[in-house]
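Data block below; observations after.
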Amino acid sequence: MKEQVPYGERYWYDHMKPADIKIWEEFMRQNISAYDTCIYDQEVGEGAPIPENTEPNMAHDFKILTQYKIDVIGFKNDRIDIIEIKPRAGMLAIGQVLGYVALFKKEFSPAVNVTPVIITDVIRPDMLNLTKAQGIKIYAVDLLK
């Protein structure tokens, strides 16, 4: 697992798009004590099959490039949140975050609770019912403040 960093605004978030960064930073401003530490862009899953005769250093890089990436892992007390940040999050975000949780548990076998979380700017119709049914927490931040 990658190194945990303090929860709070940073100058760079690996692989986050500008719209995701706006949502995440506003979430942090609105939820100052939500987490103690975070991991960004954590690789999970097997990745694509490595082509035969690939040099070892290239094989390692190939695996990392083709694995799934968790946007944020938030740590607070005895809780781990697997966080998907998505503007106007819809059903694809539900599938992503549930997949990330399953892969994270398989790879790291955490001894504490792992909760799927979606953070968005707009909660679309049906998302509250769908996320509740799947045990996913969903938060919407107000970007117009």
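We label chains A, B, ... in the order they appear in the structure tokens, count residues from 1 in each chain, and number ligands from 1 in the order shown.
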
Restrict the calculation to only C-alpha atoms, then for each residue of region 56-76 of chain A with any atom at most 6 Å from an atom of region 28-39 of chain A give the closest atom pair and their distance in Å to one decimal, rows by chain and rising residue number, as JSON lines.
{"residue": "A:Val72", "atom": "CA", "partner": "A:Ile39", "partner_atom": "CA", "distance": 5.7}
{"residue": "A:Ile73", "atom": "CA", "partner": "A:Ile39", "partner_atom": "CA", "distance": 5.0}
{"residue": "A:Gly74", "atom": "CA", "partner": "A:Cys38", "partner_atom": "CA", "distance": 4.6}
{"residue": "A:Phe75", "atom": "CA", "partner": "A:Thr37", "partner_atom": "CA", "distance": 5.3}
{"residue": "A:Lys76", "atom": "CA", "partner": "A:Tyr35", "partner_atom": "CA", "distance": 4.8}

I want to know what sits within 12 Å of Ala133 (chain A), based on only C-alpha atoms, with residues of the same chain fewer than 6 positions away left out; could you give that as a list in words?
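The neighbour list is Ile94, Asp126 and Met127 of chain A.
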
Would you please work out which residue, of A:Ile85, A:Lys105, A:Val114, A:Asp142, is nearest to Ala19 (chain A) when using only C-alpha atoms?
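Closest to Ala19 (chain A) of all the choices is A:Ile85.
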
Which residues are near Lys69 (chain A)? Cut-off 7 Å, only C-alpha atoms, ignore same chain within fewer than 5 positions. Put them as a short mmCIF file (atom, residue, chain, number, x, y, z; two decimals) with N, CA and C atoms, in the first residue's frame.
data_model
loop_
_atom_site.label_atom_id
_atom_site.label_comp_id
_atom_site.auth_asym_id
_atom_site.auth_seq_id
_atom_site.Cartn_x
_atom_site.Cartn_y
_atom_site.Cartn_z
N ASP A 41 -4.60 7.68 -5.33
CA ASP A 41 -4.25 6.93 -6.54
C ASP A 41 -3.67 5.55 -6.23
N GLN A 42 -4.31 4.85 -5.30
CA GLN A 42 -3.83 3.52 -4.92
C GLN A 42 -4.19 2.50 -6.00
N GLU A 43 -3.18 1.76 -6.46
CA GLU A 43 -3.41 0.71 -7.45
C GLU A 43 -4.03 -0.51 -6.78
N VAL A 44 -5.01 -1.12 -7.46
CA VAL A 44 -5.60 -2.38 -7.03
C VAL A 44 -5.89 -3.24 -8.25
#

Best match for closeness to Glu25 (chain A) among A:Val112, A:Ile136, A:Leu103, A:Ile119, counting only C-alpha atoms
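The answer is A:Ile119, which sits nearest to Glu25 (chain A).
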
Atomic distance CA of Val97 (chain A) - CA of Pro51 (chain A), expressed in Å with one decimal
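So the two atoms, CA of Val97 (chain A) and CA of Pro51 (chain A), lie 28.6 Å apart.
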
Restricting to only C-alpha atoms, whichever of A:Ile83, A:Pro18, A:Phe104, A:Arg88 is closest to Val117 (chain A) is A:Ile83

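Note that DSSP on the backbone gives strand (DSSP E) to these residues of region 13-77 of chain A: Thr37, Cys38, Ile39, Tyr40, Asp41, Gln42, Glu43, Val44, Tyr68, Lys69, Ile70, Asp71, Val72, Ile73, Gly74, Phe75 and Lys76 of chain A.
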
Within 10 Å of Asp121 (chain A), counting only C-alpha atoms, which residues show up once you throw out same-chain ones fewer than 3 positions away? Write them as JSON, numbers by chain, please.
{"A": [19, 20, 22, 23, 24, 26, 27, 85, 86, 87, 88, 89, 124, 139, 140, 141, 142, 143, 144]}

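CA of Asn77 (chain A) sits 17.3 Å away from CA of Lys137 (chain A).
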
Skip Ile50 (chain A) itself and residues of its chain fewer than 2 positions away, then list as a ChimeraX atom specification all residues within 9 Å of it, counting only C-alpha atoms.
/A:47-48,52-54,59-60,62-63

Produce a file of the selected residues containing N, CA and C atoms, as a PDB file, in the first residue's frame.
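Below is the file that was written, part_5.pdb:
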ATOM      1  N   GLY A  47      -4.301  -5.889 -13.149  1.00  0.00           N
ATOM      2  CA  GLY A  47      -3.796  -5.201 -14.332  1.00  0.00           C
ATOM      3  C   GLY A  47      -3.888  -6.115 -15.546  1.00  0.00           C
ATOM      4  N   ALA A  48      -3.507  -5.596 -16.685  1.00  0.00           N
ATOM      5  CA  ALA A  48      -3.556  -6.367 -17.930  1.00  0.00           C
ATOM      6  C   ALA A  48      -2.443  -7.412 -17.944  1.00  0.00           C
ATOM      7  N   GLU A  52       4.729 -11.433 -23.083  1.00  0.00           N
ATOM      8  CA  GLU A  52       5.893 -12.300 -22.906  1.00  0.00           C
ATOM      9  C   GLU A  52       7.174 -11.561 -23.270  1.00  0.00           C
ATOM     10  N   ASN A  53       8.254 -11.957 -22.643  1.00  0.00           N
ATOM     11  CA  ASN A  53       9.594 -11.412 -22.886  1.00  0.00           C
ATOM     12  C   ASN A  53       9.731  -9.936 -22.513  1.00  0.00           C
ATOM     13  N   THR A  54       8.818  -9.432 -21.682  1.00  0.00           N
ATOM     14  CA  THR A  54       8.924  -8.058 -21.208  1.00  0.00           C
ATOM     15  C   THR A  54       9.982  -8.000 -20.118  1.00  0.00           C
ATOM     16  N   ALA A  59       7.900  -4.684 -16.976  1.00  0.00           N
ATOM     17  CA  ALA A  59       6.743  -5.464 -16.541  1.00  0.00           C
ATOM     18  C   ALA A  59       6.108  -4.826 -15.308  1.00  0.00           C
ATOM     19  N   HIS A  60       6.935  -4.380 -14.381  1.00  0.00           N
ATOM     20  CA  HIS A  60       6.441  -3.709 -13.171  1.00  0.00           C
ATOM     21  C   HIS A  60       5.675  -2.451 -13.545  1.00  0.00           C
ATOM     22  N   PHE A  62       4.322  -1.702 -16.440  1.00  0.00           N
ATOM     23  CA  PHE A  62       3.145  -2.075 -17.219  1.00  0.00           C
ATOM     24  C   PHE A  62       1.998  -2.461 -16.298  1.00  0.00           C
ATOM     25  N   LYS A  63       2.324  -3.240 -15.265  1.00  0.00           N
ATOM     26  CA  LYS A  63       1.288  -3.659 -14.314  1.00  0.00           C
ATOM     27  C   LYS A  63       0.665  -2.443 -13.643  1.00  0.00           C
TER      28      LYS A  63
END

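Separating CA of Thr120 (chain A) from CA of Ile82 (chain A) is a distance of 14.0 Å.
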
Run DSSP on the backbone and grab whatever in region 8-100 of chain A lands in helix (DSSP H, G or I); send it over as a PyMOL selection string.
chain A and resi 18-30+56-66+91-100

Grab the residues selected above and save them as a JSON list (two decimals), in the first residue's frame with N, CA and C atoms.
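Written file, result23.json:
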[["chain", "number", "residue", "atom", "x", "y", "z"],
["A", 18, "PRO", "N", -9.17, 18.24, -13.07],
["A", 18, "PRO", "CA", -9.51, 19.51, -12.41],
["A", 18, "PRO", "C", -10.90, 19.52, -11.75],
["A", 19, "ALA", "N", -11.90, 18.95, -12.40],
["A", 19, "ALA", "CA", -13.25, 18.94, -11.81],
["A", 19, "ALA", "C", -13.27, 18.09, -10.53],
["A", 20, "ASP", "N", -12.53, 16.98, -10.53],
["A", 20, "ASP", "CA", -12.45, 16.14, -9.33],
["A", 20, "ASP", "C", -11.76, 16.88, -8.19],
["A", 21, "ILE", "N", -10.70, 17.60, -8.53],
["A", 21, "ILE", "CA", -9.96, 18.36, -7.52],
["A", 21, "ILE", "C", -10.86, 19.40, -6.86],
["A", 22, "LYS", "N", -11.66, 20.10, -7.66],
["A", 22, "LYS", "CA", -12.57, 21.11, -7.09],
["A", 22, "LYS", "C", -13.53, 20.47, -6.10],
["A", 23, "ILE", "N", -14.08, 19.32, -6.47],
["A", 23, "ILE", "CA", -15.02, 18.62, -5.58],
["A", 23, "ILE", "C", -14.30, 18.16, -4.31],
["A", 24, "TRP", "N", -13.14, 17.54, -4.45],
["A", 24, "TRP", "CA", -12.40, 17.03, -3.30],
["A", 24, "TRP", "C", -11.98, 18.15, -2.36],
["A", 25, "GLU", "N", -11.45, 19.23, -2.91],
["A", 25, "GLU", "CA", -11.00, 20.32, -2.03],
["A", 25, "GLU", "C", -12.18, 20.99, -1.33],
["A", 26, "GLU", "N", -13.30, 21.11, -2.00],
["A", 26, "GLU", "CA", -14.48, 21.68, -1.33],
["A", 26, "GLU", "C", -14.99, 20.72, -0.25],
["A", 27, "PHE", "N", -14.95, 19.42, -0.52],
["A", 27, "PHE", "CA", -15.32, 18.45, 0.51],
["A", 27, "PHE", "C", -14.42, 18.63, 1.73],
["A", 28, "MET", "N", -13.12, 18.78, 1.53],
["A", 28, "MET", "CA", -12.20, 18.94, 2.66],
["A", 28, "MET", "C", -12.49, 20.22, 3.43],
["A", 29, "ARG", "N", -12.82, 21.30, 2.72],
["A", 29, "ARG", "CA", -13.15, 22.55, 3.40],
["A", 29, "ARG", "C", -14.43, 22.41, 4.24],
["A", 30, "GLN", "N", -15.39, 21.66, 3.72],
["A", 30, "GLN", "CA", -16.67, 21.49, 4.41],
["A", 30, "GLN", "C", -16.63, 20.39, 5.48],
["A", 56, "PRO", "N", 11.89, -7.13, -16.75],
["A", 56, "PRO", "CA", 11.28, -7.01, -15.41],
["A", 56, "PRO", "C", 10.90, -5.59, -15.02],
["A", 57, "ASN", "N", 11.78, -4.62, -15.27],
["A", 57, "ASN", "CA", 11.43, -3.25, -14.88],
["A", 57, "ASN", "C", 10.25, -2.72, -15.69],
["A", 58, "MET", "N", 10.17, -3.10, -16.96],
["A", 58, "MET", "CA", 9.05, -2.69, -17.81],
["A", 58, "MET", "C", 7.78, -3.44, -17.39],
["A", 59, "ALA", "N", 7.90, -4.68, -16.98],
["A", 59, "ALA", "CA", 6.74, -5.46, -16.54],
["A", 59, "ALA", "C", 6.11, -4.83, -15.31],
["A", 60, "HIS", "N", 6.93, -4.38, -14.38],
["A", 60, "HIS", "CA", 6.44, -3.71, -13.17],
["A", 60, "HIS", "C", 5.68, -2.45, -13.55],
["A", 61, "ASP", "N", 6.26, -1.62, -14.40],
["A", 61, "ASP", "CA", 5.60, -0.38, -14.83],
["A", 61, "ASP", "C", 4.31, -0.68, -15.59],
["A", 62, "PHE", "N", 4.32, -1.70, -16.44],
["A", 62, "PHE", "CA", 3.15, -2.07, -17.22],
["A", 62, "PHE", "C", 2.00, -2.46, -16.30],
["A", 63, "LYS", "N", 2.32, -3.24, -15.26],
["A", 63, "LYS", "CA", 1.29, -3.66, -14.31],
["A", 63, "LYS", "C", 0.67, -2.44, -13.64],
["A", 64, "ILE", "N", 1.50, -1.54, -13.13],
["A", 64, "ILE", "CA", 0.99, -0.35, -12.44],
["A", 64, "ILE", "C", 0.12, 0.49, -13.37],
["A", 65, "LEU", "N", 0.55, 0.65, -14.60],
["A", 65, "LEU", "CA", -0.20, 1.48, -15.55],
["A", 65, "LEU", "C", -1.56, 0.88, -15.89],
["A", 66, "THR", "N", -1.70, -0.44, -15.79],
["A", 66, "THR", "CA", -2.95, -1.08, -16.21],
["A", 66, "THR", "C", -3.84, -1.50, -15.05],
["A", 91, "MET", "N", -24.68, 5.86, -11.93],
["A", 91, "MET", "CA", -24.54, 4.44, -11.60],
["A", 91, "MET", "C", -23.15, 3.89, -11.88],
["A", 92, "LEU", "N", -22.42, 4.46, -12.81],
["A", 92, "LEU", "CA", -21.05, 4.00, -13.05],
["A", 92, "LEU", "C", -20.19, 4.17, -11.79],
["A", 93, "ALA", "N", -20.40, 5.26, -11.07],
["A", 93, "ALA", "CA", -19.64, 5.50, -9.83],
["A", 93, "ALA", "C", -19.94, 4.42, -8.79],
["A", 94, "ILE", "N", -21.18, 3.93, -8.76],
["A", 94, "ILE", "CA", -21.54, 2.87, -7.82],
["A", 94, "ILE", "C", -20.74, 1.61, -8.14],
["A", 95, "GLY", "N", -20.72, 1.22, -9.40],
["A", 95, "GLY", "CA", -19.95, 0.05, -9.80],
["A", 95, "GLY", "C", -18.47, 0.20, -9.52],
["A", 96, "GLN", "N", -17.94, 1.39, -9.80],
["A", 96, "GLN", "CA", -16.52, 1.62, -9.56],
["A", 96, "GLN", "C", -16.17, 1.47, -8.09],
["A", 97, "VAL", "N", -16.90, 2.17, -7.23],
["A", 97, "VAL", "CA", -16.53, 2.17, -5.82],
["A", 97, "VAL", "C", -16.71, 0.78, -5.19],
["A", 98, "LEU", "N", -17.76, 0.05, -5.61],
["A", 98, "LEU", "CA", -17.93, -1.31, -5.08],
["A", 98, "LEU", "C", -16.82, -2.23, -5.56],
["A", 99, "GLY", "N", -16.41, -2.07, -6.82],
["A", 99, "GLY", "CA", -15.29, -2.86, -7.34],
["A", 99, "GLY", "C", -13.99, -2.53, -6.62],
["A", 100, "TYR", "N", -13.75, -1.26, -6.37],
["A", 100, "TYR", "CA", -12.53, -0.87, -5.67],
["A", 100, "TYR", "C", -12.50, -1.45, -4.25]]

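Comparing A:Asp71, A:Asp81, A:Ile118, A:Phe108 by their smallest distance to Lys17 (chain A), the closest is A:Asp71 (using only C-alpha atoms).
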